[in-house]
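To be precise, the following lines are entry_23.pdb, and they hold PDB, C-alpha atoms, pLDDT in the B column.
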ATOM      1  CA  MET A 829     -57.684  -7.532  17.781  1.00 45.00           C
ATOM      2  CA  SER A 830     -57.332 -10.220  15.178  1.00 44.00           C
ATOM      3  CA  GLU A 831     -58.510  -9.979  11.598  1.00 48.00           C
ATOM      4  CA  GLU A 832     -60.414 -13.257  11.916  1.00 52.00           C
ATOM      5  CA  ILE A 833     -62.782 -12.181  14.650  1.00 59.00           C
ATOM      6  CA  LYS A 834     -66.390 -11.573  13.614  1.00 78.00           C
ATOM      7  CA  LEU A 835     -67.382  -7.960  14.129  1.00 88.00           C
ATOM      8  CA  PRO A 836     -70.272  -7.508  16.576  1.00 92.00           C
ATOM      9  CA  HIS A 837     -73.485  -5.697  15.709  1.00 91.00           C
ATOM     10  CA  PHE A 838     -74.287  -2.470  17.532  1.00 94.00           C
ATOM     11  CA  ASP A 839     -77.715  -0.807  17.367  1.00 93.00           C
ATOM     12  CA  ILE A 840     -76.213   2.486  18.530  1.00 95.00           C
ATOM     13  CA  LEU A 841     -72.608   3.608  18.219  1.00 97.00           C
ATOM     14  CA  PRO A 842     -70.958   6.804  19.409  1.00 97.00           C
ATOM     15  CA  GLU A 843     -70.243   8.988  16.413  1.00 98.00           C
ATOM     16  CA  HIS A 844     -67.304  10.484  18.308  1.00 98.00           C
ATOM     17  CA  LEU A 845     -65.362   8.378  20.803  1.00 98.00           C
ATOM     18  CA  GLY A 846     -62.722   9.762  23.151  1.00 98.00           C
ATOM     19  CA  ILE A 847     -60.165   7.566  24.898  1.00 98.00           C
ATOM     20  CA  ILE A 848     -57.754   8.544  27.675  1.00 98.00           C
ATOM     21  CA  MET A 849     -54.948   6.043  27.116  1.00 97.00           C
ATOM     22  CA  ASP A 850     -53.897   5.620  30.741  1.00 97.00           C
ATOM     23  CA  GLY A 851     -51.947   3.007  32.682  1.00 97.00           C
ATOM     24  CA  ASN A 852     -48.920   2.368  30.464  1.00 96.00           C
ATOM     25  CA  GLY A 853     -46.354   3.110  33.160  1.00 96.00           C
ATOM     26  CA  ARG A 854     -48.090   1.032  35.812  1.00 97.00           C
ATOM     27  CA  TRP A 855     -48.438  -1.848  33.363  1.00 97.00           C
ATOM     28  CA  ALA A 856     -44.665  -1.849  32.874  1.00 97.00           C
ATOM     29  CA  GLU A 857     -43.841  -1.454  36.569  1.00 97.00           C
ATOM     30  CA  LYS A 858     -46.046  -4.450  37.459  1.00 97.00           C
ATOM     31  CA  ARG A 859     -43.831  -6.507  35.139  1.00 97.00           C
ATOM     32  CA  GLY A 860     -40.534  -5.108  36.394  1.00 98.00           C
ATOM     33  CA  LEU A 861     -39.983  -3.201  33.139  1.00 97.00           C
ATOM     34  CA  GLU A 862     -39.084   0.397  32.432  1.00 95.00           C
ATOM     35  CA  ARG A 863     -42.090   2.667  31.996  1.00 95.00           C
ATOM     36  CA  SER A 864     -41.106   3.233  28.360  1.00 95.00           C
ATOM     37  CA  ALA A 865     -41.905  -0.438  27.679  1.00 96.00           C
ATOM     38  CA  GLY A 866     -45.474   0.237  28.764  1.00 97.00           C
ATOM     39  CA  HIS A 867     -45.753   3.210  26.432  1.00 97.00           C
ATOM     40  CA  LYS A 868     -44.445   1.101  23.565  1.00 96.00           C
ATOM     41  CA  GLU A 869     -47.050  -1.581  24.216  1.00 97.00           C
ATOM     42  CA  GLY A 870     -49.686   1.132  24.600  1.00 96.00           C
ATOM     43  CA  ALA A 871     -48.765   2.524  21.181  1.00 96.00           C
ATOM     44  CA  ARG A 872     -49.334  -0.918  19.646  1.00 96.00           C
ATOM     45  CA  VAL A 873     -52.767  -1.137  21.291  1.00 97.00           C
ATOM     46  CA  PHE A 874     -53.598   2.375  20.062  1.00 97.00           C
ATOM     47  CA  LYS A 875     -52.996   1.404  16.432  1.00 96.00           C
ATOM     48  CA  LYS A 876     -55.131  -1.714  16.722  1.00 97.00           C
ATOM     49  CA  THR A 877     -57.892   0.152  18.549  1.00 97.00           C
ATOM     50  CA  ALA A 878     -58.012   2.881  15.894  1.00 97.00           C
ATOM     51  CA  ASP A 879     -58.238   0.254  13.163  1.00 96.00           C
ATOM     52  CA  TYR A 880     -61.021  -1.581  14.999  1.00 97.00           C
ATOM     53  CA  CYS A 881     -62.996   1.636  15.586  1.00 97.00           C
ATOM     54  CA  GLN A 882     -62.984   2.328  11.865  1.00 96.00           C
ATOM     55  CA  LYS A 883     -64.057  -1.216  11.038  1.00 96.00           C
ATOM     56  CA  ILE A 884     -67.112  -1.140  13.310  1.00 97.00           C
ATOM     57  CA  GLY A 885     -68.263   2.273  12.082  1.00 97.00           C
ATOM     58  CA  ILE A 886     -67.091   4.899  14.561  1.00 98.00           C
ATOM     59  CA  LYS A 887     -66.365   8.032  12.543  1.00 98.00           C
ATOM     60  CA  TYR A 888     -64.372  10.170  14.999  1.00 98.00           C
ATOM     61  CA  LEU A 889     -61.774   8.891  17.453  1.00 98.00           C
ATOM     62  CA  THR A 890     -59.851  11.258  19.719  1.00 98.00           C
ATOM     63  CA  VAL A 891     -57.121   9.821  21.943  1.00 98.00           C
ATOM     64  CA  TYR A 892     -55.253  11.529  24.776  1.00 98.00           C
ATOM     65  CA  ALA A 893     -51.599  10.728  24.165  1.00 97.00           C
ATOM     66  CA  PHE A 894     -49.629  13.434  26.004  1.00 97.00           C
ATOM     67  CA  SER A 895     -50.985  16.217  28.216  1.00 97.00           C
ATOM     68  CA  THR A 896     -49.554  19.652  28.947  1.00 96.00           C
ATOM     69  CA  GLU A 897     -48.841  18.303  32.450  1.00 96.00           C
ATOM     70  CA  ASN A 898     -46.879  15.275  31.217  1.00 96.00           C
ATOM     71  CA  TRP A 899     -43.740  17.397  30.764  1.00 97.00           C
ATOM     72  CA  LYS A 900     -43.329  17.032  34.544  1.00 96.00           C
ATOM     73  CA  ARG A 901     -42.492  13.369  34.113  1.00 95.00           C
ATOM     74  CA  PRO A 902     -38.850  12.141  34.177  1.00 95.00           C
ATOM     75  CA  GLN A 903     -36.909  13.388  31.144  1.00 95.00           C
ATOM     76  CA  LYS A 904     -36.079   9.835  30.099  1.00 95.00           C
ATOM     77  CA  GLU A 905     -39.780   8.930  29.945  1.00 96.00           C
ATOM     78  CA  VAL A 906     -40.676  12.119  28.044  1.00 96.00           C
ATOM     79  CA  HIS A 907     -37.897  11.414  25.533  1.00 95.00           C
ATOM     80  CA  ALA A 908     -39.189   7.856  25.041  1.00 95.00           C
ATOM     81  CA  LEU A 909     -42.692   9.200  24.377  1.00 96.00           C
ATOM     82  CA  MET A 910     -41.396  11.679  21.799  1.00 97.00           C
ATOM     83  CA  GLU A 911     -39.576   8.821  20.053  1.00 96.00           C
ATOM     84  CA  LEU A 912     -42.816   6.827  19.980  1.00 96.00           C
ATOM     85  CA  PHE A 913     -44.687   9.751  18.402  1.00 96.00           C
ATOM     86  CA  ASP A 914     -41.893   9.977  15.831  1.00 96.00           C
ATOM     87  CA  GLU A 915     -42.156   6.245  15.097  1.00 96.00           C
ATOM     88  CA  TYR A 916     -45.928   6.460  14.759  1.00 96.00           C
ATOM     89  CA  LEU A 917     -45.702   9.344  12.291  1.00 96.00           C
ATOM     90  CA  ASP A 918     -43.094   7.498  10.244  1.00 96.00           C
ATOM     91  CA  TRP A 919     -45.417   4.481  10.244  1.00 95.00           C
ATOM     92  CA  ALA A 920     -48.416   6.635   9.250  1.00 95.00           C
ATOM     93  CA  ILE A 921     -46.426   8.042   6.329  1.00 95.00           C
ATOM     94  CA  SER A 922     -45.454   4.512   5.245  1.00 95.00           C
ATOM     95  CA  GLN A 923     -49.179   3.613   5.331  1.00 93.00           C
ATOM     96  CA  GLU A 924     -50.105   6.663   3.270  1.00 91.00           C
ATOM     97  CA  LYS A 925     -51.595   4.726   0.368  1.00 91.00           C
ATOM     98  CA  GLU A 926     -53.636   2.438   2.632  1.00 92.00           C
ATOM     99  CA  ASN A 927     -54.849   5.359   4.740  1.00 90.00           C
ATOM    100  CA  GLU A 928     -55.854   7.191   1.569  1.00 90.00           C
ATOM    101  CA  GLU A 929     -57.923   4.212   0.440  1.00 93.00           C
ATOM    102  CA  LYS A 930     -59.570   4.040   3.862  1.00 94.00           C
ATOM    103  CA  GLY A 931     -60.202   7.786   3.880  1.00 96.00           C
ATOM    104  CA  VAL A 932     -58.343   8.398   7.154  1.00 97.00           C
ATOM    105  CA  ARG A 933     -57.778  11.978   8.222  1.00 97.00           C
ATOM    106  CA  ILE A 934     -55.147  12.347  10.963  1.00 97.00           C
ATOM    107  CA  SER A 935     -55.139  15.505  13.086  1.00 97.00           C
ATOM    108  CA  PHE A 936     -53.130  16.557  16.117  1.00 97.00           C
ATOM    109  CA  PHE A 937     -54.642  18.596  18.944  1.00 98.00           C
ATOM    110  CA  GLY A 938     -52.404  20.688  21.171  1.00 97.00           C
ATOM    111  CA  ASP A 939     -49.551  23.182  21.167  1.00 97.00           C
ATOM    112  CA  GLU A 940     -47.125  21.721  18.660  1.00 95.00           C
ATOM    113  CA  THR A 941     -44.570  24.524  19.148  1.00 95.00           C
ATOM    114  CA  LYS A 942     -43.283  22.837  22.307  1.00 95.00           C
ATOM    115  CA  LEU A 943     -42.497  19.611  20.467  1.00 96.00           C
ATOM    116  CA  PRO A 944     -39.143  18.781  18.791  1.00 95.00           C
ATOM    117  CA  GLU A 945     -38.806  20.466  15.375  1.00 96.00           C
ATOM    118  CA  GLU A 946     -38.507  17.177  13.506  1.00 95.00           C
ATOM    119  CA  LEU A 947     -41.743  16.007  15.099  1.00 96.00           C
ATOM    120  CA  GLN A 948     -43.459  19.252  14.142  1.00 97.00           C
ATOM    121  CA  GLY A 949     -42.418  18.701  10.534  1.00 97.00           C
ATOM    122  CA  LEU A 950     -43.789  15.157  10.476  1.00 97.00           C
ATOM    123  CA  ILE A 951     -47.063  16.312  12.032  1.00 97.00           C
ATOM    124  CA  GLU A 952     -47.435  19.029   9.402  1.00 97.00           C
ATOM    125  CA  TYR A 953     -46.749  16.524   6.614  1.00 96.00           C
ATOM    126  CA  VAL A 954     -49.263  13.951   7.875  1.00 96.00           C
ATOM    127  CA  GLN A 955     -51.970  16.531   8.508  1.00 96.00           C
ATOM    128  CA  ASN A 956     -51.529  18.183   5.105  1.00 96.00           C
ATOM    129  CA  HIS A 957     -51.601  14.868   3.255  1.00 94.00           C
ATOM    130  CA  THR A 958     -54.758  13.608   4.985  1.00 95.00           C
ATOM    131  CA  LYS A 959     -56.741  16.848   5.398  1.00 95.00           C
ATOM    132  CA  ASP A 960     -59.147  16.086   2.535  1.00 95.00           C
ATOM    133  CA  LYS A 961     -60.107  12.614   3.798  1.00 96.00           C
ATOM    134  CA  ASN A 962     -63.509  12.271   5.437  1.00 96.00           C
ATOM    135  CA  LYS A 963     -64.330   8.637   6.186  1.00 97.00           C
ATOM    136  CA  PHE A 964     -62.507   8.273   9.508  1.00 98.00           C
ATOM    137  CA  PHE A 965     -61.198  11.129  11.629  1.00 98.00           C
ATOM    138  CA  LEU A 966     -58.328  10.166  13.931  1.00 97.00           C
ATOM    139  CA  ASN A 967     -57.382  12.914  16.383  1.00 98.00           C
ATOM    140  CA  ILE A 968     -54.283  12.584  18.568  1.00 97.00           C
ATOM    141  CA  ALA A 969     -53.983  14.980  21.507  1.00 98.00           C
ATOM    142  CA  VAL A 970     -50.302  15.758  22.125  1.00 97.00           C
ATOM    143  CA  ASN A 971     -49.152  18.533  24.470  1.00 98.00           C
ATOM    144  CA  TYR A 972     -52.855  19.093  24.908  1.00 98.00           C
ATOM    145  CA  GLY A 973     -54.914  20.455  27.777  1.00 98.00           C
ATOM    146  CA  GLY A 974     -58.613  21.222  27.768  1.00 98.00           C
ATOM    147  CA  ARG A 975     -58.203  24.477  29.685  1.00 98.00           C
ATOM    148  CA  ALA A 976     -55.369  25.573  27.406  1.00 97.00           C
ATOM    149  CA  GLU A 977     -57.625  24.847  24.415  1.00 98.00           C
ATOM    150  CA  ILE A 978     -60.399  27.045  25.821  1.00 98.00           C
ATOM    151  CA  THR A 979     -57.870  29.777  26.623  1.00 98.00           C
ATOM    152  CA  ARG A 980     -56.619  29.605  23.038  1.00 98.00           C
ATOM    153  CA  ALA A 981     -60.175  30.031  21.728  1.00 98.00           C
ATOM    154  CA  ALA A 982     -60.755  32.968  24.093  1.00 98.00           C
ATOM    155  CA  LYS A 983     -57.612  34.697  22.811  1.00 98.00           C
ATOM    156  CA  ILE A 984     -58.725  34.249  19.192  1.00 98.00           C
ATOM    157  CA  LEU A 985     -62.095  35.832  19.985  1.00 98.00           C
ATOM    158  CA  ALA A 986     -60.470  38.580  22.079  1.00 98.00           C
ATOM    159  CA  GLU A 987     -58.282  39.482  19.107  1.00 98.00           C
ATOM    160  CA  LYS A 988     -61.403  39.748  16.935  1.00 98.00           C
ATOM    161  CA  VAL A 989     -62.993  42.055  19.505  1.00 98.00           C
ATOM    162  CA  LYS A 990     -59.809  44.145  19.584  1.00 98.00           C
ATOM    163  CA  ASN A 991     -59.864  44.436  15.788  1.00 98.00           C
ATOM    164  CA  GLY A 992     -63.493  45.467  15.800  1.00 97.00           C
ATOM    165  CA  GLU A 993     -64.644  42.336  13.958  1.00 97.00           C
ATOM    166  CA  ILE A 994     -67.104  41.377  16.709  1.00 97.00           C
ATOM    167  CA  LYS A 995     -68.500  42.868  19.926  1.00 97.00           C
ATOM    168  CA  PRO A 996     -68.102  41.118  23.302  1.00 97.00           C
ATOM    169  CA  GLU A 997     -71.871  40.686  23.558  1.00 97.00           C
ATOM    170  CA  ASP A 998     -71.845  38.873  20.201  1.00 96.00           C
ATOM    171  CA  ILE A 999     -69.803  35.968  21.558  1.00 98.00           C
ATOM    172  CA  THR A1000     -71.760  32.716  21.737  1.00 98.00           C
ATOM    173  CA  GLU A1001     -71.036  29.157  22.808  1.00 97.00           C
ATOM    174  CA  LYS A1002     -70.948  28.184  19.142  1.00 97.00           C
ATOM    175  CA  MET A1003     -68.245  30.771  18.465  1.00 98.00           C
ATOM    176  CA  ILE A1004     -66.130  29.252  21.225  1.00 98.00           C
ATOM    177  CA  SER A1005     -66.739  25.755  19.854  1.00 98.00           C
ATOM    178  CA  ASP A1006     -65.813  26.946  16.363  1.00 98.00           C
ATOM    179  CA  ASN A1007     -62.389  28.011  17.644  1.00 98.00           C
ATOM    180  CA  LEU A1008     -61.525  24.747  19.382  1.00 98.00           C
ATOM    181  CA  TYR A1009     -59.454  21.980  17.804  1.00 98.00           C
ATOM    182  CA  THR A1010     -62.687  20.051  17.304  1.00 98.00           C
ATOM    183  CA  ALA A1011     -64.345  22.725  15.149  1.00 97.00           C
ATOM    184  CA  ASP A1012     -66.688  21.089  12.609  1.00 94.00           C
ATOM    185  CA  MET A1013     -66.711  17.846  14.635  1.00 97.00           C
ATOM    186  CA  PRO A1014     -69.474  16.591  16.916  1.00 97.00           C
ATOM    187  CA  ASP A1015     -68.772  16.582  20.639  1.00 98.00           C
ATOM    188  CA  PRO A1016     -67.686  13.189  21.993  1.00 98.00           C
ATOM    189  CA  ASP A1017     -70.645  10.923  22.750  1.00 98.00           C
ATOM    190  CA  LEU A1018     -68.570   8.580  24.892  1.00 98.00           C
ATOM    191  CA  ILE A1019     -65.265   8.974  26.726  1.00 98.00           C
ATOM    192  CA  ILE A1020     -63.445   5.869  27.933  1.00 98.00           C
ATOM    193  CA  ARG A1021     -60.772   5.869  30.611  1.00 98.00           C
ATOM    194  CA  PRO A1022     -59.065   2.620  31.579  1.00 97.00           C
ATOM    195  CA  SER A1023     -56.562   2.126  34.439  1.00 96.00           C
ATOM    196  CA  GLY A1024     -58.906   2.593  37.401  1.00 96.00           C
ATOM    197  CA  GLU A1025     -58.863   6.397  37.415  1.00 96.00           C
ATOM    198  CA  GLU A1026     -62.223   8.171  37.219  1.00 97.00           C
ATOM    199  CA  ARG A1027     -61.520  11.705  36.061  1.00 96.00           C
ATOM    200  CA  LEU A1028     -61.072  13.636  32.810  1.00 97.00           C
ATOM    201  CA  SER A1029     -57.605  14.999  33.621  1.00 97.00           C
ATOM    202  CA  ASN A1030     -58.131  18.089  31.436  1.00 97.00           C
ATOM    203  CA  PHE A1031     -59.292  16.129  28.372  1.00 98.00           C
ATOM    204  CA  MET A1032     -61.830  17.810  26.077  1.00 98.00           C
ATOM    205  CA  THR A1033     -63.076  19.922  28.981  1.00 98.00           C
ATOM    206  CA  TRP A1034     -65.498  21.998  26.912  1.00 98.00           C
ATOM    207  CA  GLN A1035     -66.638  19.253  24.542  1.00 98.00           C
ATOM    208  CA  SER A1036     -67.436  16.687  27.265  1.00 98.00           C
ATOM    209  CA  ALA A1037     -70.301  18.660  28.841  1.00 96.00           C
ATOM    210  CA  TYR A1038     -72.836  15.998  27.784  1.00 96.00           C
ATOM    211  CA  SER A1039     -70.548  13.054  27.117  1.00 97.00           C
ATOM    212  CA  GLU A1040     -71.178   9.640  28.601  1.00 98.00           C
ATOM    213  CA  PHE A1041     -68.273   8.157  30.572  1.00 98.00           C
ATOM    214  CA  TRP A1042     -67.061   4.592  30.930  1.00 98.00           C
ATOM    215  CA  PHE A1043     -64.327   3.642  33.370  1.00 98.00           C
ATOM    216  CA  SER A1044     -62.417   0.381  33.707  1.00 98.00           C
ATOM    217  CA  ASP A1045     -59.631  -1.037  35.880  1.00 97.00           C
ATOM    218  CA  VAL A1046     -57.960  -2.490  32.772  1.00 98.00           C
ATOM    219  CA  LEU A1047     -54.593  -0.857  32.092  1.00 98.00           C
ATOM    220  CA  TRP A1048     -54.311   0.566  28.582  1.00 98.00           C
ATOM    221  CA  PRO A1049     -51.756  -1.998  27.267  1.00 97.00           C
ATOM    222  CA  ASP A1050     -54.238  -4.738  28.257  1.00 98.00           C
ATOM    223  CA  PHE A1051     -57.147  -2.993  26.517  1.00 98.00           C
ATOM    224  CA  THR A1052     -58.651  -5.278  23.870  1.00 97.00           C
ATOM    225  CA  GLU A1053     -61.479  -5.209  21.369  1.00 97.00           C
ATOM    226  CA  GLU A1054     -63.550  -7.131  23.927  1.00 97.00           C
ATOM    227  CA  THR A1055     -62.962  -4.319  26.441  1.00 98.00           C
ATOM    228  CA  LEU A1056     -64.068  -1.766  23.877  1.00 98.00           C
ATOM    229  CA  ASN A1057     -67.104  -3.857  22.969  1.00 98.00           C
ATOM    230  CA  GLU A1058     -68.091  -3.974  26.649  1.00 97.00           C
ATOM    231  CA  ALA A1059     -67.980  -0.172  26.791  1.00 98.00           C
ATOM    232  CA  LEU A1060     -69.939   0.182  23.559  1.00 98.00           C
ATOM    233  CA  PHE A1061     -72.651  -2.269  24.607  1.00 97.00           C
ATOM    234  CA  ASP A1062     -72.967  -0.354  27.877  1.00 97.00           C
ATOM    235  CA  PHE A1063     -73.266   2.897  25.901  1.00 97.00           C
ATOM    236  CA  GLU A1064     -76.197   1.417  23.956  1.00 95.00           C
ATOM    237  CA  LYS A1065     -78.168   1.143  27.209  1.00 93.00           C
ATOM    238  CA  ARG A1066     -77.694   4.785  28.180  1.00 92.00           C
ATOM    239  CA  HIS A1067     -80.637   7.159  27.839  1.00 81.00           C
ATOM    240  CA  ARG A1068     -79.161  10.510  26.861  1.00 71.00           C
ATOM    241  CA  ARG A1069     -81.491  13.355  27.828  1.00 71.00           C
ATOM    242  CA  PHE A1070     -79.267  16.393  27.180  1.00 65.00           C
ATOM    243  CA  GLY A1071     -81.058  18.266  29.943  1.00 66.00           C
ATOM    244  CA  GLY A1072     -84.527  17.107  28.851  1.00 62.00           C
ATOM    245  CA  VAL A1073     -86.805  14.383  30.166  1.00 53.00           C
TER     246      VAL A1073
END
Same coordinates, now as structure tokens:
Amino acid sequence: MSEEIKLPHFDILPEHLGIIMDGNGRWAEKRGLERSAGHKEGARVFKKTADYCQKIGIKYLTVYAFSTENWKRPQKEVHALMELFDEYLDWAISQEKENEEKGVRISFFGDETKLPEELQGLIEYVQNHTKDKNKFFLNIAVNYGGRAEITRAAKILAEKVKNGEIKPEDITEKMISDNLYTADMPDPDLIIRPSGEERLSNFMTWQSAYSEFWFSDVLWPDFTEETLNEALFDFEKRHRRFGGV
């Protein structure tokens, strides 16, 4: 995603784009490398993709970086992923002035309590120092699961019922949405999944009810701005009815 390339014109863009960054391990294995090498290359592509999304006018980008199920992977691979998150946060802090000028707000979705303490501290720092920015919202799902997110929202509302703040019959879809990580954000218009898989894998389960989907055989480390453009041009052709005609 070079700086020199001329940005394309889109008549319609998703306001909120979700990406399941899949295929890092397979990319590495095809080249006889350790899976961690694929994650490292995938992290590089993530940074360039986020930058490109902001340049073309997408306001919200949510990426699936590490699911609640990913803890089942080999310990060596999990450790390498945690190191990559650490490196990214250090990099984000070093880019603090530039991110401030660009108005980038960085948020993390998921149960942070299961992450290493040092990582939790970096996440808190980055989120606190970008929380007032509103030009580009970058959301990174780490130790995240869509069902766990809905369960978390249900527990919050159940506690309010227990305390007498609301009645069970008062609970609405909006109240559930307001207690998800994406509260105050639009639902994703488009969700992209590379790597040949065609499923959500527990990503934004509630929010994706009316999302458009775009699948590709391209492995995430090979994902380019041209790949993204192909998905976005395809999205322009979709007729979104939202249950209507």
Neighbour list for segment 949-966 of chain A as a PyMOL selection string, cut-off 8 Å, all atoms listed in the file, skip fewer than 2 positions in-chain: chain A and resi 878+882+886-890+914+917-918+920-921+928+930-936+945-947+968
For His867 of chain A, find every residue with an atom within 12 Å (counting all atoms listed in the file), except residues of its own chain fewer than 6 positions away, and show them as a ChimeraX atom specification. /A:849-857,861,873-874,893-894,905-913,1047-1050
Dump as a PDB file, in the frame of the given file, selection limited to C-alpha atoms:
ATOM      1  CA  MET A 849     -54.948   6.043  27.116  1.00 97.00           C
ATOM      2  CA  ASP A 850     -53.897   5.620  30.741  1.00 97.00           C
ATOM      3  CA  GLY A 851     -51.947   3.007  32.682  1.00 97.00           C
ATOM      4  CA  ASN A 852     -48.920   2.368  30.464  1.00 96.00           C
ATOM      5  CA  GLY A 853     -46.354   3.110  33.160  1.00 96.00           C
ATOM      6  CA  ARG A 854     -48.090   1.032  35.812  1.00 97.00           C
ATOM      7  CA  TRP A 855     -48.438  -1.848  33.363  1.00 97.00           C
ATOM      8  CA  ALA A 856     -44.665  -1.849  32.874  1.00 97.00           C
ATOM      9  CA  GLU A 857     -43.841  -1.454  36.569  1.00 97.00           C
ATOM     10  CA  LEU A 861     -39.983  -3.201  33.139  1.00 97.00           C
ATOM     11  CA  VAL A 873     -52.767  -1.137  21.291  1.00 97.00           C
ATOM     12  CA  PHE A 874     -53.598   2.375  20.062  1.00 97.00           C
ATOM     13  CA  ALA A 893     -51.599  10.728  24.165  1.00 97.00           C
ATOM     14  CA  PHE A 894     -49.629  13.434  26.004  1.00 97.00           C
ATOM     15  CA  GLU A 905     -39.780   8.930  29.945  1.00 96.00           C
ATOM     16  CA  VAL A 906     -40.676  12.119  28.044  1.00 96.00           C
ATOM     17  CA  HIS A 907     -37.897  11.414  25.533  1.00 95.00           C
ATOM     18  CA  ALA A 908     -39.189   7.856  25.041  1.00 95.00           C
ATOM     19  CA  LEU A 909     -42.692   9.200  24.377  1.00 96.00           C
ATOM     20  CA  MET A 910     -41.396  11.679  21.799  1.00 97.00           C
ATOM     21  CA  GLU A 911     -39.576   8.821  20.053  1.00 96.00           C
ATOM     22  CA  LEU A 912     -42.816   6.827  19.980  1.00 96.00           C
ATOM     23  CA  PHE A 913     -44.687   9.751  18.402  1.00 96.00           C
ATOM     24  CA  LEU A1047     -54.593  -0.857  32.092  1.00 98.00           C
ATOM     25  CA  TRP A1048     -54.311   0.566  28.582  1.00 98.00           C
ATOM     26  CA  PRO A1049     -51.756  -1.998  27.267  1.00 97.00           C
ATOM     27  CA  ASP A1050     -54.238  -4.738  28.257  1.00 98.00           C
TER      28      ASP A1050
END
Using the chain letters and numbers from the file, give me the residues hit by the PyMOL selection byres ((chain A and resi 1033) around 9), as a list in words.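 Output from the PyMOL selection byres ((chain A and resi 1033) around 9), applied to this file: Gly973, Gly974, Arg975, Glu977, Ile978, Leu1028, Ser1029, Asn1030, Phe1031, Met1032, Trp1034, Gln1035, Ser1036 and Ala1037 of chain A.
Between atom CA of Gln903 of chain A and atom CA of Arg980 of chain A the interatomic distance comes to 26.8 Å.
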Rank nothing, just name the residue among A:Tyr972, A:Tyr916, A:Tyr1038, A:Tyr880 nearest to Tyr1009 of chain A, using only C-alpha atoms. A:Tyr972
Skipping near chain neighbours, those fewer than 3 positions away, what residues fall within 12 Å of segment 1000-1002 of chain A using all atoms listed in the file, listed as a list in words?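 What passes the distance filter is Ile978, Ala981, Ala982, Leu985, Ile994, Lys995, Pro996, Glu997, Ser1005, Asp1006, Asn1007, Leu1008, Thr1010, Ala1011, Asp1012, Pro1014, Asp1015, Trp1034 and Gln1035 of chain A.
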Let's have the selection written as a tab-separated table (two decimals), in the frame of the given file, with C-alpha atoms.
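And here is the file that came out, out21.tsv:
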chain	number	residue	atom	x	y	z
A	978	ILE	CA	-60.40	27.04	25.82
A	981	ALA	CA	-60.18	30.03	21.73
A	982	ALA	CA	-60.76	32.97	24.09
A	985	LEU	CA	-62.10	35.83	19.98
A	994	ILE	CA	-67.10	41.38	16.71
A	995	LYS	CA	-68.50	42.87	19.93
A	996	PRO	CA	-68.10	41.12	23.30
A	997	GLU	CA	-71.87	40.69	23.56
A	1005	SER	CA	-66.74	25.76	19.85
A	1006	ASP	CA	-65.81	26.95	16.36
A	1007	ASN	CA	-62.39	28.01	17.64
A	1008	LEU	CA	-61.52	24.75	19.38
A	1010	THR	CA	-62.69	20.05	17.30
A	1011	ALA	CA	-64.34	22.72	15.15
A	1012	ASP	CA	-66.69	21.09	12.61
A	1014	PRO	CA	-69.47	16.59	16.92
A	1015	ASP	CA	-68.77	16.58	20.64
A	1034	TRP	CA	-65.50	22.00	26.91
A	1035	GLN	CA	-66.64	19.25	24.54
Using all atoms listed in the file, which residues sit within 12 Å of Asn1057 of chain A once same-chain residues fewer than 6 positions away are excluded, as a list in words? Met829, Leu835, Pro836, His837, Phe838, Ile840, Leu841, Pro842, Thr877, Tyr880, Cys881, Ile884, Ile1020, Trp1042, Phe1051, Phe1063 and Glu1064 of chain A
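Each of A:Leu1018, A:Ile1004, A:Val1046, A:Ile847 was compared to Tyr892 of chain A using all atoms listed in the file, and A:Ile847 turns out to be the nearest.
In terms of minimum interatomic distance to Trp899 of chain A, A:Lys942 ranks closest within A:His844, A:Lys990, A:Lys942, A:Lys834, counting only C-alpha atoms.
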As JSON: centre and edge lengths in Å, one decimal, of the axis-aligned box holding segment 936-947 of chain A with 6 Å per side:
{"center_x": -46.6, "center_y": 20.3, "center_z": 17.9, "size_x": 28.1, "size_y": 20.5, "size_z": 20.8}
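Put simply, atom CA of Leu845 of chain A is 6.0 Å away from atom CA of Ile1019 of chain A.
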For Thr979 of chain A, which residue among A:Glu924, A:Glu1053, A:Asp939, A:Asp1017 is the nearest when counting only C-alpha atoms? A:Asp939
Would you mind reading off the distance between atom CA of Gly846 of chain A and atom CA of Pro1016 of chain A, one decimal, in Å? 6.1 Å
Using only C-alpha atoms, can you tell me which of A:Ser1023, A:Arg872, A:Thr1052, A:Arg1068 comes closest to Ser1039 of chain A?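 Selected residue with least distance to Ser1039 of chain A: A:Arg1068.
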I need segment 969-973 of chain A from the structure I supplied, saved as a PDB file, in the first residue's frame with N, CA, C and O atoms retained.
ATOM      1  N   ALA A 969     -10.115  -6.402  18.247  1.00  0.00           N
ATOM      2  CA  ALA A 969     -10.745  -7.431  19.071  1.00  0.00           C
ATOM      3  C   ALA A 969      -9.694  -8.450  19.512  1.00  0.00           C
ATOM      4  O   ALA A 969      -9.156  -9.189  18.694  1.00  0.00           O
ATOM      5  N   VAL A 970      -9.419  -8.451  20.813  1.00  0.00           N
ATOM      6  CA  VAL A 970      -8.407  -9.342  21.397  1.00  0.00           C
ATOM      7  C   VAL A 970      -9.029 -10.082  22.583  1.00  0.00           C
ATOM      8  O   VAL A 970      -9.627  -9.457  23.456  1.00  0.00           O
ATOM      9  N   ASN A 971      -8.866 -11.402  22.600  1.00  0.00           N
ATOM     10  CA  ASN A 971      -9.581 -12.253  23.558  1.00  0.00           C
ATOM     11  C   ASN A 971     -11.063 -11.909  23.511  1.00  0.00           C
ATOM     12  O   ASN A 971     -11.719 -11.671  24.515  1.00  0.00           O
ATOM     13  N   TYR A 972     -11.553 -11.888  22.280  1.00  0.00           N
ATOM     14  CA  TYR A 972     -12.928 -11.481  22.001  1.00  0.00           C
ATOM     15  C   TYR A 972     -13.730 -12.646  21.437  1.00  0.00           C
ATOM     16  O   TYR A 972     -13.222 -13.455  20.669  1.00  0.00           O
ATOM     17  N   GLY A 973     -14.995 -12.697  21.819  1.00  0.00           N
ATOM     18  CA  GLY A 973     -15.947 -13.630  21.232  1.00  0.00           C
ATOM     19  C   GLY A 973     -17.311 -12.967  21.206  1.00  0.00           C
ATOM     20  O   GLY A 973     -17.716 -12.328  22.180  1.00  0.00           O
TER      21      GLY A 973
END
